[in-house]
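The next block holds one structure in the form of structure tokens; read it before the comments.
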Amino acid sequence: VIMSLTEGSCVAVNECMFADLPMAMLETANVGSLAYINEHTGVRMKAADIAGGLLKLLNDHDKYHPRKWMLENGSACEASFRILNEAVKETAKKDGKPWTRDLKPMQWRPNSEFLRAEDAHEMKPEYERFAHAYGIPIALRNVPQ
């Protein structure tokens with residue numbers, strides 16, 4: 001159950017749904033993850049009837065299959081990465097900027113890391129440059145030795 005009224009895209013919603021846990025959110029929430037709450041993934045609750053929404057979620061829990069829905073509807077990291085990559089690429093082209101290479105897909109495991117070990121290896125020098133330039137080291141996971 002997520003009761004936030006205003007938030008970015010609450011990653012806890014996606015994490016729970018990939019763990020096959022149905023979710024409940026207020027239908028008026030200004031939270032990006034609300035877009036994923038539907039009859040397959042959980043309940044959009046009315047503010048005037050939160051108890052009714054929670055009872056529906058509990059009583060019908062076996063009717064929801066959020067993991068299956070997320071995987072089938074392009075919400076896994078591979079599919080969402082392709083959408084993000086295309087959006088950034090098209091924006092760069094519209095602004096007359098060159099597009100020299102695609103973004104590197106990331107995943108949460110439980111912290112963010114590159115999806116592919118070879119991408120992490122390729123990006124290692126950039127992480128080192130950033131740490132040296134700004135004095136802020138960022139842990140790089142999933143790097144082959």
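How things are named: the first chain in the structure tokens is A, the next is B, and so on; residues count from 1 in each chain; ligands count from 1 in the order shown.
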
Per-residue DSSP, segment 4-138 of chain A, filtered to strand (DSSP E), as a PyMOL selection string:
chain A and resi 6-7+23-26+30-31+42-45+106-108+112-114

Those of segment 42-125 of chain A in DSSP helix (DSSP H, G or I), formatted as a VMD selection string
chain A and resid 47 to 59 61 to 63 66 to 72 77 to 94 117 to 125

Judged by only C-alpha atoms, the minimum distance to His61 of chain A among A:Asp119, A:Asp20, A:Glu90, A:Glu15 is found for A:Asp20

So how many Å separate atom CA of Leu26 of chain A and atom CA of Ala12 of chain A, to one decimal?
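Between atom CA of Leu26 of chain A and atom CA of Ala12 of chain A the gap works out to 15.0 Å.
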
Please identify all polymer residues within 9 Å of Trp108 of chain A, counting only C-alpha atoms, omitting same-chain residues fewer than 6 positions from it, and present them as a PyMOL selection string.
chain A and resi 15+77+114-115

Could those selected residues go to a file with N, CA and C atoms, as a PDB file, in the first residue's frame?
```pdb
ATOM      1  N   GLU A  15       9.052  -2.486  -7.541  1.00  0.00           N
ATOM      2  CA  GLU A  15       9.736  -3.581  -6.863  1.00  0.00           C
ATOM      3  C   GLU A  15       8.728  -4.588  -6.314  1.00  0.00           C
ATOM      4  N   CYS A  77      13.162  -3.782 -16.931  1.00  0.00           N
ATOM      5  CA  CYS A  77      14.243  -2.827 -17.201  1.00  0.00           C
ATOM      6  C   CYS A  77      14.656  -2.792 -18.672  1.00  0.00           C
ATOM      7  N   PHE A 114      24.669  -1.641 -13.745  1.00  0.00           N
ATOM      8  CA  PHE A 114      24.495  -1.870 -15.171  1.00  0.00           C
ATOM      9  C   PHE A 114      23.926  -3.267 -15.384  1.00  0.00           C
ATOM     10  N   LEU A 115      23.051  -3.383 -16.335  1.00  0.00           N
ATOM     11  CA  LEU A 115      22.427  -4.662 -16.635  1.00  0.00           C
ATOM     12  C   LEU A 115      23.458  -5.664 -17.164  1.00  0.00           C
TER      13      LEU A 115
END
```

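Using only C-alpha atoms for every distance, the candidate list A:Leu103, A:Glu72, A:Met25, A:Val1 yields A:Leu103 as the residue closest to Ala87 of chain A.
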
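Taking atom CA of Pro137 of chain A and atom CA of Gly8 of chain A as endpoints, the distance between them is 25.6 Å.
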
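Within 12 Å of His121 of chain A, once only C-alpha atoms are used and residues closer than 3 positions along the same chain are dropped, the contacting residues are Lys104, Glu113, Phe114, Leu115, Arg116, Ala117, Glu118, Lys124, Pro125, Glu126, Tyr127, Glu128, Leu140, Arg141, Asn142, Val143, Pro144 and Gln145 of chain A.
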
Same residues, N, CA and C atoms, saved as a PDB file, in the first residue's frame:
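Written output follows (part_18.pdb):
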```
ATOM      1  N   LYS A 104      23.346   3.087 -21.580  1.00  0.00           N
ATOM      2  CA  LYS A 104      23.624   1.753 -21.035  1.00  0.00           C
ATOM      3  C   LYS A 104      22.489   1.378 -20.085  1.00  0.00           C
ATOM      4  N   GLU A 113      22.665  -0.875 -10.862  1.00  0.00           N
ATOM      5  CA  GLU A 113      23.891  -1.372 -11.479  1.00  0.00           C
ATOM      6  C   GLU A 113      23.615  -1.553 -12.971  1.00  0.00           C
ATOM      7  N   PHE A 114      24.669  -1.641 -13.745  1.00  0.00           N
ATOM      8  CA  PHE A 114      24.495  -1.870 -15.171  1.00  0.00           C
ATOM      9  C   PHE A 114      23.926  -3.267 -15.384  1.00  0.00           C
ATOM     10  N   LEU A 115      23.051  -3.383 -16.335  1.00  0.00           N
ATOM     11  CA  LEU A 115      22.427  -4.662 -16.635  1.00  0.00           C
ATOM     12  C   LEU A 115      23.458  -5.664 -17.164  1.00  0.00           C
ATOM     13  N   ARG A 116      24.372  -5.159 -17.984  1.00  0.00           N
ATOM     14  CA  ARG A 116      25.386  -6.033 -18.587  1.00  0.00           C
ATOM     15  C   ARG A 116      26.757  -5.706 -18.002  1.00  0.00           C
ATOM     16  N   ALA A 117      27.487  -6.744 -17.613  1.00  0.00           N
ATOM     17  CA  ALA A 117      28.818  -6.563 -17.018  1.00  0.00           C
ATOM     18  C   ALA A 117      29.749  -5.832 -17.978  1.00  0.00           C
ATOM     19  N   GLU A 118      29.652  -6.078 -19.272  1.00  0.00           N
ATOM     20  CA  GLU A 118      30.535  -5.405 -20.237  1.00  0.00           C
ATOM     21  C   GLU A 118      30.290  -3.896 -20.281  1.00  0.00           C
ATOM     22  N   LYS A 124      33.717   2.072 -16.452  1.00  0.00           N
ATOM     23  CA  LYS A 124      34.601   2.212 -15.288  1.00  0.00           C
ATOM     24  C   LYS A 124      35.500   3.452 -15.369  1.00  0.00           C
ATOM     25  N   PRO A 125      36.142   3.742 -16.510  1.00  0.00           N
ATOM     26  CA  PRO A 125      36.969   4.953 -16.572  1.00  0.00           C
ATOM     27  C   PRO A 125      36.178   6.244 -16.332  1.00  0.00           C
ATOM     28  N   GLU A 126      34.916   6.272 -16.749  1.00  0.00           N
ATOM     29  CA  GLU A 126      34.097   7.470 -16.537  1.00  0.00           C
ATOM     30  C   GLU A 126      33.779   7.641 -15.056  1.00  0.00           C
ATOM     31  N   TYR A 127      33.534   6.553 -14.353  1.00  0.00           N
ATOM     32  CA  TYR A 127      33.301   6.618 -12.910  1.00  0.00           C
ATOM     33  C   TYR A 127      34.558   7.126 -12.198  1.00  0.00           C
ATOM     34  N   GLU A 128      35.707   6.667 -12.646  1.00  0.00           N
ATOM     35  CA  GLU A 128      36.971   7.120 -12.050  1.00  0.00           C
ATOM     36  C   GLU A 128      37.207   8.596 -12.353  1.00  0.00           C
ATOM     37  N   LEU A 140      30.698   1.244  -8.280  1.00  0.00           N
ATOM     38  CA  LEU A 140      30.341   0.639  -9.561  1.00  0.00           C
ATOM     39  C   LEU A 140      30.239  -0.858  -9.333  1.00  0.00           C
ATOM     40  N   ARG A 141      29.046  -1.387  -9.515  1.00  0.00           N
ATOM     41  CA  ARG A 141      28.804  -2.820  -9.296  1.00  0.00           C
ATOM     42  C   ARG A 141      28.784  -3.548 -10.635  1.00  0.00           C
ATOM     43  N   ASN A 142      28.898  -4.853 -10.570  1.00  0.00           N
ATOM     44  CA  ASN A 142      28.758  -5.700 -11.751  1.00  0.00           C
ATOM     45  C   ASN A 142      29.890  -5.461 -12.746  1.00  0.00           C
ATOM     46  N   VAL A 143      31.115  -5.228 -12.243  1.00  0.00           N
ATOM     47  CA  VAL A 143      32.269  -5.002 -13.114  1.00  0.00           C
ATOM     48  C   VAL A 143      33.123  -6.251 -13.134  1.00  0.00           C
ATOM     49  N   PRO A 144      33.335  -6.812 -14.337  1.00  0.00           N
ATOM     50  CA  PRO A 144      34.209  -7.981 -14.399  1.00  0.00           C
ATOM     51  C   PRO A 144      35.634  -7.615 -14.063  1.00  0.00           C
ATOM     52  N   GLN A 145      36.357  -8.490 -13.419  1.00  0.00           N
ATOM     53  CA  GLN A 145      37.748  -8.218 -13.040  1.00  0.00           C
ATOM     54  C   GLN A 145      38.691  -8.539 -14.180  1.00  0.00           C
TER      55      GLN A 145
END
```
